[in-house]
There are 2 protein chains.
Amino acid sequence: MEDLRDDRDSWTSENCSVARAMDIVGSRSTVLIMREALLGTRRFDDFVRRVGVGEPAMAARLKEMVAAELLERIPYREPGQRTRHEYQLTRKGRELLPVITALRNWGDTWAATDTGPSVVATHHDCGEPIRAVLRCAAGHEIADGDIDIIAGPGLVRRD
Amino acid sequence: MEDLRDDRDSWTSENCSVARAMDIVGSRSTVLIMREALLGTRRFDDFVRRVGVGEPAMAARLKEMVAAELLERIPYREPGQRTRHEYQLTRKGRELLPVITALRNWGDTWAATDTGPSVVATHHDCGEPIRAVLRCAAGHEIADGDIDIIAGPGLVRRD
DNA sequence: GATCTGACTTGCGTATGCTGAAGTCAGCGC
DNA sequence: GCGCTGACTTCAGCATACGCAAGTCAGATC
């Protein structure tokens with residue numbers, strides 16, 4: 001099985017999942033909104049306050065994210081209040097958790113303040129801290145350098 | 001052990017590792033350069049061609065990334081050529097692999113084309129595909145919802 | 001010493017993102 | 001039917017990011 005890194009110019013990066021993912025979640029504010037959504041935030045003004053971006057920017061981002069199906073705009077009603085809308089994570093949005101977790105792990109290690117991390121995600125059952133790690137489908141943990149890059153069905157080769 | 005999501009307004013998001021990570025690797029082109037660097041690309045014109053951004057943007061990004069210590073600018077010399085510089089990943093940069101992998105996994109699933117993924121990372125020893133997954137320090141795999149968010153030493157509480 | 005090439009830099013025009021301040025709008029409580 | 005409030009929208013104005021085209025520069029080759 002040929003490793004694609006050995007002849008990087010024989011194939012192109014059009015049809016790259018990383019690039020398409022970045023087109024959807026590539027901006028700082030989108031990621032911070034996802035951080036908050038994964039922490040349970042659902043209402044417009046909470047997002048504005050907790051993420052620290054202005055209302056116009058927030059309205060634009062949320063609209064984009066609903067269009068991208070990361071969030072769903074759902075009507076709700078508290079007793080004695082009128083109907084409002086909240087932004088709930090879709091499955092597509094919730095599955096960004098490994099990305100946000102990997103980013104938080106990296107930030108804790110490489111962009112830390114001297115006070116240490118502000119929050120830690122722990123396993124509910126055992127209390128141990130959670131990290132994003134690389135694992136293969138056979139269950140092996142992957143060390144740096146144990147990786148091959150092989151062609152998928154969507155690879156675009158150059159002649 | 002209190003879950004911080006239960007009273008989200010009792011603490012702030014200043015000192016957030018996700019935000020600091022995004023300040024460093026938050027732009028689309030930075031991520032795509034990291035993708036290429038992790039695939040082995042090291043030279044300026046290869047980055048330009050493979051990432052698909054213009055030379056001015058690439059020069060600016062690479063300079064930033066060297067300043068951020070994701071890459072190191074190293075002189076090298078091919079026989080019969082003059083001395084040039086290449087951009088090598090630092091440890092700090094290499095450790096972004098879980099982030100890029102998580103992003104690629106997500107893109108493969110949620111932003112796929114009908115042709116399927118272009119490349120697949122596999123475990124060198126067993127050939128099985130690699131994914132970024134969540135795991136706790138005790139080795140348990142984390143399912144959605146098995147997570148607590150607890151205070152770290154750097155948490156900033158609101159009075 | 002003229003030429004070539006890889007690695008940039010400079011200049012310009014466009015597009016996107018964000019902020020702050022102010023305005024709108026839909027209901028519900030009164 | 002008036003006011004209040006949460007959830008936005010509208011309107012400048014500024015800052016970055018990017019693309020394209022052209023220019024520069026250092027050092028090996030000839």
# chains A, B, ... in the order shown; residues from 1 in each chain; ligands from 1
>>> interface_residues(of="chain A", to="chain D", cutoff="10 Å", atoms="only C-alpha atoms (C1' of nucleotides)", output="ChimeraX atom specification")
/A:43-45,55-56,58-59,82,84-85
>>> select_by_dssp(residues="chain A", states="strand (DSSP E or B)", output="JSON, numbers by chain")
{"A": [11, 71, 72, 73, 74, 75, 76, 77, 83, 84, 85, 86, 87, 88, 89, 119, 120, 121, 122, 123, 129, 130, 131, 132, 133, 134, 135, 136, 141, 147, 148, 149, 150, 151, 157]}
>>> interface_residues(of="chain C", to="chain B", cutoff="9 Å", atoms="only C-alpha atoms (C1' of nucleotides)", output="PyMOL selection string")
chain C and resi 6-9
>>> write_last_selection(atoms="N, CA and C atoms (P, O5', C5', C4', C3', O3' and C1' of nucleotides)", output="compact mmCIF listing (two decimals), in the first residue's frame")
# COMPACT_ATOMS: atom_id res chain seq x y z
P DG C 6 12.50 27.40 -9.54
O5' DG C 6 12.57 27.18 -7.96
C5' DG C 6 13.81 27.09 -7.30
C4' DG C 6 13.80 27.97 -6.06
C3' DG C 6 12.48 27.98 -5.28
O3' DG C 6 12.81 27.86 -3.90
C1' DG C 6 13.07 30.20 -5.86
P DA C 7 11.73 27.81 -2.79
O5' DA C 7 11.73 29.31 -2.29
C5' DA C 7 12.91 29.84 -1.71
C4' DA C 7 12.69 31.29 -1.34
C3' DA C 7 11.40 31.55 -0.54
O3' DA C 7 11.67 32.48 0.49
C1' DA C 7 11.48 32.95 -2.39
P DC C 8 10.86 32.43 1.87
O5' DC C 8 9.49 33.04 1.72
C5' DC C 8 8.86 34.16 1.18
C4' DC C 8 9.66 35.31 0.70
C3' DC C 8 8.95 36.62 0.97
O3' DC C 8 9.59 37.38 1.98
C1' DC C 8 9.70 36.42 -1.31
P DT C 9 8.69 38.55 2.62
O5' DT C 9 8.69 39.71 1.51
C5' DT C 9 9.90 40.39 1.21
C4' DT C 9 9.56 41.63 0.37
C3' DT C 9 8.52 42.57 0.99
O3' DT C 9 8.96 43.90 0.77
C1' DT C 9 7.77 41.85 -1.13
>>> closest_atom_pairs(of="chain B", to="chain A", cutoff="6 Å", atoms="only C-alpha atoms", output="Markdown table")
| residue | atom | partner | partner_atom | distance |
| --- | --- | --- | --- | --- |
| B:Arg5 | CA | A:Leu39 | CA | 5.9 |
| B:Ser17 | CA | A:Gly107 | CA | 4.6 |
| B:Val18 | CA | A:Arg104 | CA | 4.7 |
| B:Ala21 | CA | A:Gly107 | CA | 4.8 |
| B:Met22 | CA | A:Arg28 | CA | 5.9 |
| B:Gly26 | CA | A:Arg28 | CA | 5.7 |
| B:Arg28 | CA | A:Gly26 | CA | 5.8 |
| B:Leu39 | CA | A:Arg5 | CA | 5.9 |
| B:Val99 | CA | A:Ala102 | CA | 5.1 |
| B:Ala102 | CA | A:Val99 | CA | 5.1 |
| B:Leu103 | CA | A:Val18 | CA | 5.8 |
| B:Arg104 | CA | A:Val18 | CA | 4.7 |
| B:Gly107 | CA | A:Ser17 | CA | 4.6 |
| B:Asp108 | CA | A:Ser17 | CA | 5.5 |
| B:Thr115 | CA | A:Gly154 | CA | 4.7 |
| B:Gly116 | CA | A:Gly154 | CA | 4.8 |
| B:Pro117 | CA | A:Gly154 | CA | 5.0 |
| B:Ser118 | CA | A:Leu155 | CA | 3.8 |
| B:Val119 | CA | A:Gly152 | CA | 4.6 |
| B:Val120 | CA | A:Ile150 | CA | 5.4 |
| B:Ala121 | CA | A:Ile149 | CA | 4.6 |
| B:Thr122 | CA | A:Asp148 | CA | 5.1 |
| B:His123 | CA | A:Ile147 | CA | 5.0 |
| B:His124 | CA | A:Asp146 | CA | 5.1 |
| B:Glu128 | CA | A:Ala137 | CA | 5.4 |
| B:Pro129 | CA | A:Cys136 | CA | 5.4 |
| B:Ile130 | CA | A:Cys136 | CA | 4.1 |
| B:Arg131 | CA | A:Arg135 | CA | 5.6 |
| B:Ala132 | CA | A:Leu134 | CA | 4.5 |
| B:Val133 | CA | A:Ala132 | CA | 5.4 |
| B:Leu134 | CA | A:Ala132 | CA | 4.5 |
| B:Arg135 | CA | A:Ile130 | CA | 5.5 |
| B:Cys136 | CA | A:Ile130 | CA | 4.1 |
| B:Ala137 | CA | A:Glu128 | CA | 5.4 |
| B:Asp146 | CA | A:His124 | CA | 5.1 |
| B:Ile147 | CA | A:His123 | CA | 5.0 |
| B:Asp148 | CA | A:Thr122 | CA | 5.1 |
| B:Ile149 | CA | A:Ala121 | CA | 4.6 |
| B:Ile150 | CA | A:Val120 | CA | 5.4 |
| B:Ala151 | CA | A:Val119 | CA | 4.7 |
| B:Gly152 | CA | A:Val119 | CA | 4.6 |
| B:Pro153 | CA | A:Gly116 | CA | 5.6 |
| B:Gly154 | CA | A:Ser118 | CA | 4.2 |
| B:Leu155 | CA | A:Ser118 | CA | 3.8 |
>>> write_last_selection(atoms="C-alpha atoms", output="PDB file, in the first residue's frame")
ATOM      1  CA  ARG B   5     -22.882  23.962  33.181  1.00  0.00           C
ATOM      2  CA  SER B  17      -7.950  27.587  25.992  1.00  0.00           C
ATOM      3  CA  VAL B  18     -10.246  27.138  23.024  1.00  0.00           C
ATOM      4  CA  ALA B  21      -5.962  28.118  20.442  1.00  0.00           C
ATOM      5  CA  MET B  22      -8.204  29.800  17.865  1.00  0.00           C
ATOM      6  CA  GLY B  26      -8.071  29.999  13.820  1.00  0.00           C
ATOM      7  CA  ARG B  28      -8.620  28.645   7.251  1.00  0.00           C
ATOM      8  CA  LEU B  39       1.615  15.522   5.074  1.00  0.00           C
ATOM      9  CA  VAL B  99      -7.228  18.666  15.879  1.00  0.00           C
ATOM     10  CA  ALA B 102     -10.907  15.381  14.249  1.00  0.00           C
ATOM     11  CA  LEU B 103     -11.692  18.053  11.680  1.00  0.00           C
ATOM     12  CA  ARG B 104     -11.045  15.640   8.814  1.00  0.00           C
ATOM     13  CA  GLY B 107     -15.699  16.729   7.322  1.00  0.00           C
ATOM     14  CA  ASP B 108     -15.715  13.169   5.961  1.00  0.00           C
ATOM     15  CA  THR B 115     -17.224  10.532  -4.164  1.00  0.00           C
ATOM     16  CA  GLY B 116     -16.164   9.849  -0.580  1.00  0.00           C
ATOM     17  CA  PRO B 117     -13.008  11.001   1.219  1.00  0.00           C
ATOM     18  CA  SER B 118      -9.890  11.721  -0.804  1.00  0.00           C
ATOM     19  CA  VAL B 119      -7.412  10.376   1.727  1.00  0.00           C
ATOM     20  CA  VAL B 120      -7.579   8.081   4.728  1.00  0.00           C
ATOM     21  CA  ALA B 121      -5.113   7.936   7.589  1.00  0.00           C
ATOM     22  CA  THR B 122      -4.459   4.329   8.612  1.00  0.00           C
ATOM     23  CA  HIS B 123      -2.517   2.662  11.393  1.00  0.00           C
ATOM     24  CA  HIS B 124       0.851   1.589  10.039  1.00  0.00           C
ATOM     25  CA  GLU B 128      -7.156   0.121  10.105  1.00  0.00           C
ATOM     26  CA  PRO B 129      -8.420   3.700   9.652  1.00  0.00           C
ATOM     27  CA  ILE B 130      -7.606   6.243  12.337  1.00  0.00           C
ATOM     28  CA  ARG B 131     -10.076   8.511  14.103  1.00  0.00           C
ATOM     29  CA  ALA B 132      -9.870  11.131  16.841  1.00  0.00           C
ATOM     30  CA  VAL B 133     -11.933   9.853  19.774  1.00  0.00           C
ATOM     31  CA  LEU B 134     -12.547  10.991  23.333  1.00  0.00           C
ATOM     32  CA  ARG B 135     -10.968   8.964  26.078  1.00  0.00           C
ATOM     33  CA  CYS B 136     -10.472   9.541  29.788  1.00  0.00           C
ATOM     34  CA  ALA B 137      -7.189   9.118  31.615  1.00  0.00           C
ATOM     35  CA  ASP B 146     -20.820  10.981  29.869  1.00  0.00           C
ATOM     36  CA  ILE B 147     -19.047  14.253  30.481  1.00  0.00           C
ATOM     37  CA  ASP B 148     -18.855  16.557  33.477  1.00  0.00           C
ATOM     38  CA  ILE B 149     -17.393  20.023  33.267  1.00  0.00           C
ATOM     39  CA  ILE B 150     -15.514  20.916  36.431  1.00  0.00           C
ATOM     40  CA  ALA B 151     -13.454  23.887  37.586  1.00  0.00           C
ATOM     41  CA  GLY B 152      -9.753  24.020  36.766  1.00  0.00           C
ATOM     42  CA  PRO B 153      -7.226  26.119  38.705  1.00  0.00           C
ATOM     43  CA  GLY B 154      -7.518  28.994  36.245  1.00  0.00           C
ATOM     44  CA  LEU B 155     -11.295  29.415  36.428  1.00  0.00           C
TER      45      LEU B 155
END
>>> select_by_dssp(residues="segment 76-132 of chain A", states="alpha helix (DSSP H)", output="ChimeraX atom specification")
/A:91-94,97-110
>>> write_last_selection(atoms="C-alpha atoms", output="JSON list (two decimals), in the first residue's frame")
[["chain", "number", "residue", "atom", "x", "y", "z"],
["A", 91, "ARG", "CA", -26.28, 15.83, 15.76],
["A", 92, "LYS", "CA", -24.02, 17.42, 13.16],
["A", 93, "GLY", "CA", -23.15, 20.16, 15.63],
["A", 94, "ARG", "CA", -22.77, 17.86, 18.64],
["A", 97, "LEU", "CA", -17.12, 17.83, 20.30],
["A", 98, "PRO", "CA", -13.91, 15.94, 19.45],
["A", 99, "VAL", "CA", -12.71, 18.95, 17.44],
["A", 100, "ILE", "CA", -13.41, 21.40, 20.26],
["A", 101, "THR", "CA", -11.92, 19.01, 22.81],
["A", 102, "ALA", "CA", -8.75, 18.51, 20.75],
["A", 103, "LEU", "CA", -8.47, 22.28, 20.41],
["A", 104, "ARG", "CA", -8.95, 22.78, 24.15],
["A", 105, "ASN", "CA", -6.35, 20.11, 24.97],
["A", 106, "TRP", "CA", -3.87, 21.76, 22.64],
["A", 107, "GLY", "CA", -4.60, 25.20, 24.04],
["A", 108, "ASP", "CA", -4.18, 23.90, 27.61],
["A", 109, "THR", "CA", -0.74, 22.57, 26.70],
["A", 110, "TRP", "CA", 0.61, 25.10, 24.23]]
>>> atom_distance(atom1="atom CA of Tyr76 of chain A", atom2="atom CA of Ala60 of chain A")
21.2 Å
>>> decode(residues="segment 11-33 of chain B", atoms="N, CA and C atoms", output="PDB file, in the first residue's frame")
ATOM      1  N   TRP B  11     -19.353  31.920  36.172  1.00  0.00           N
ATOM      2  CA  TRP B  11     -17.943  31.983  35.751  1.00  0.00           C
ATOM      3  C   TRP B  11     -17.850  32.539  34.342  1.00  0.00           C
ATOM      4  N   THR B  12     -16.692  33.033  34.006  1.00  0.00           N
ATOM      5  CA  THR B  12     -16.531  33.709  32.719  1.00  0.00           C
ATOM      6  C   THR B  12     -15.634  32.902  31.788  1.00  0.00           C
ATOM      7  N   SER B  13     -15.626  33.306  30.552  1.00  0.00           N
ATOM      8  CA  SER B  13     -14.800  32.611  29.564  1.00  0.00           C
ATOM      9  C   SER B  13     -13.495  33.325  29.258  1.00  0.00           C
ATOM     10  N   GLU B  14     -13.151  34.334  30.022  1.00  0.00           N
ATOM     11  CA  GLU B  14     -11.781  34.810  29.877  1.00  0.00           C
ATOM     12  C   GLU B  14     -10.903  33.653  30.334  1.00  0.00           C
ATOM     13  N   ASN B  15      -9.673  33.600  29.892  1.00  0.00           N
ATOM     14  CA  ASN B  15      -8.811  32.445  30.128  1.00  0.00           C
ATOM     15  C   ASN B  15      -9.407  31.167  29.560  1.00  0.00           C
ATOM     16  N   CYS B  16      -9.826  31.215  28.298  1.00  0.00           N
ATOM     17  CA  CYS B  16     -10.352  30.017  27.647  1.00  0.00           C
ATOM     18  C   CYS B  16      -9.321  29.470  26.660  1.00  0.00           C
ATOM     19  N   SER B  17      -8.966  28.210  26.848  1.00  0.00           N
ATOM     20  CA  SER B  17      -7.950  27.587  25.992  1.00  0.00           C
ATOM     21  C   SER B  17      -8.417  27.435  24.559  1.00  0.00           C
ATOM     22  N   VAL B  18      -9.715  27.260  24.378  1.00  0.00           N
ATOM     23  CA  VAL B  18     -10.246  27.138  23.024  1.00  0.00           C
ATOM     24  C   VAL B  18     -10.057  28.465  22.291  1.00  0.00           C
ATOM     25  N   ALA B  19     -10.358  29.560  22.961  1.00  0.00           N
ATOM     26  CA  ALA B  19     -10.203  30.875  22.346  1.00  0.00           C
ATOM     27  C   ALA B  19      -8.741  31.167  22.041  1.00  0.00           C
ATOM     28  N   ARG B  20      -7.857  30.834  22.972  1.00  0.00           N
ATOM     29  CA  ARG B  20      -6.435  31.096  22.727  1.00  0.00           C
ATOM     30  C   ARG B  20      -5.902  30.221  21.608  1.00  0.00           C
ATOM     31  N   ALA B  21      -6.360  28.985  21.555  1.00  0.00           N
ATOM     32  CA  ALA B  21      -5.962  28.118  20.442  1.00  0.00           C
ATOM     33  C   ALA B  21      -6.439  28.709  19.121  1.00  0.00           C
ATOM     34  N   MET B  22      -7.661  29.218  19.100  1.00  0.00           N
ATOM     35  CA  MET B  22      -8.204  29.800  17.865  1.00  0.00           C
ATOM     36  C   MET B  22      -7.466  31.069  17.460  1.00  0.00           C
ATOM     37  N   ASP B  23      -6.931  31.802  18.433  1.00  0.00           N
ATOM     38  CA  ASP B  23      -6.136  32.982  18.083  1.00  0.00           C
ATOM     39  C   ASP B  23      -4.891  32.585  17.302  1.00  0.00           C
ATOM     40  N   ILE B  24      -4.408  31.384  17.537  1.00  0.00           N
ATOM     41  CA  ILE B  24      -3.179  30.927  16.874  1.00  0.00           C
ATOM     42  C   ILE B  24      -3.480  30.164  15.588  1.00  0.00           C
ATOM     43  N   VAL B  25      -4.417  29.234  15.632  1.00  0.00           N
ATOM     44  CA  VAL B  25      -4.691  28.402  14.451  1.00  0.00           C
ATOM     45  C   VAL B  25      -6.098  28.600  13.917  1.00  0.00           C
ATOM     46  N   GLY B  26      -6.661  29.800  14.126  1.00  0.00           N
ATOM     47  CA  GLY B  26      -8.071  29.999  13.820  1.00  0.00           C
ATOM     48  C   GLY B  26      -8.403  30.286  12.377  1.00  0.00           C
ATOM     49  N   SER B  27      -7.417  30.511  11.534  1.00  0.00           N
ATOM     50  CA  SER B  27      -7.809  30.868  10.179  1.00  0.00           C
ATOM     51  C   SER B  27      -7.707  29.682   9.227  1.00  0.00           C
ATOM     52  N   ARG B  28      -8.556  29.713   8.225  1.00  0.00           N
ATOM     53  CA  ARG B  28      -8.620  28.645   7.251  1.00  0.00           C
ATOM     54  C   ARG B  28      -7.252  28.326   6.656  1.00  0.00           C
ATOM     55  N   SER B  29      -6.527  29.372   6.252  1.00  0.00           N
ATOM     56  CA  SER B  29      -5.259  29.081   5.584  1.00  0.00           C
ATOM     57  C   SER B  29      -4.239  28.481   6.551  1.00  0.00           C
ATOM     58  N   THR B  30      -4.237  28.918   7.798  1.00  0.00           N
ATOM     59  CA  THR B  30      -3.320  28.328   8.782  1.00  0.00           C
ATOM     60  C   THR B  30      -3.592  26.835   8.940  1.00  0.00           C
ATOM     61  N   VAL B  31      -4.859  26.478   9.015  1.00  0.00           N
ATOM     62  CA  VAL B  31      -5.212  25.056   9.160  1.00  0.00           C
ATOM     63  C   VAL B  31      -4.795  24.268   7.925  1.00  0.00           C
ATOM     64  N   LEU B  32      -5.015  24.852   6.740  1.00  0.00           N
ATOM     65  CA  LEU B  32      -4.646  24.122   5.526  1.00  0.00           C
ATOM     66  C   LEU B  32      -3.133  23.980   5.395  1.00  0.00           C
ATOM     67  N   ILE B  33      -2.399  24.995   5.855  1.00  0.00           N
ATOM     68  CA  ILE B  33      -0.941  24.881   5.872  1.00  0.00           C
ATOM     69  C   ILE B  33      -0.517  23.768   6.840  1.00  0.00           C
TER      70      ILE B  33
END
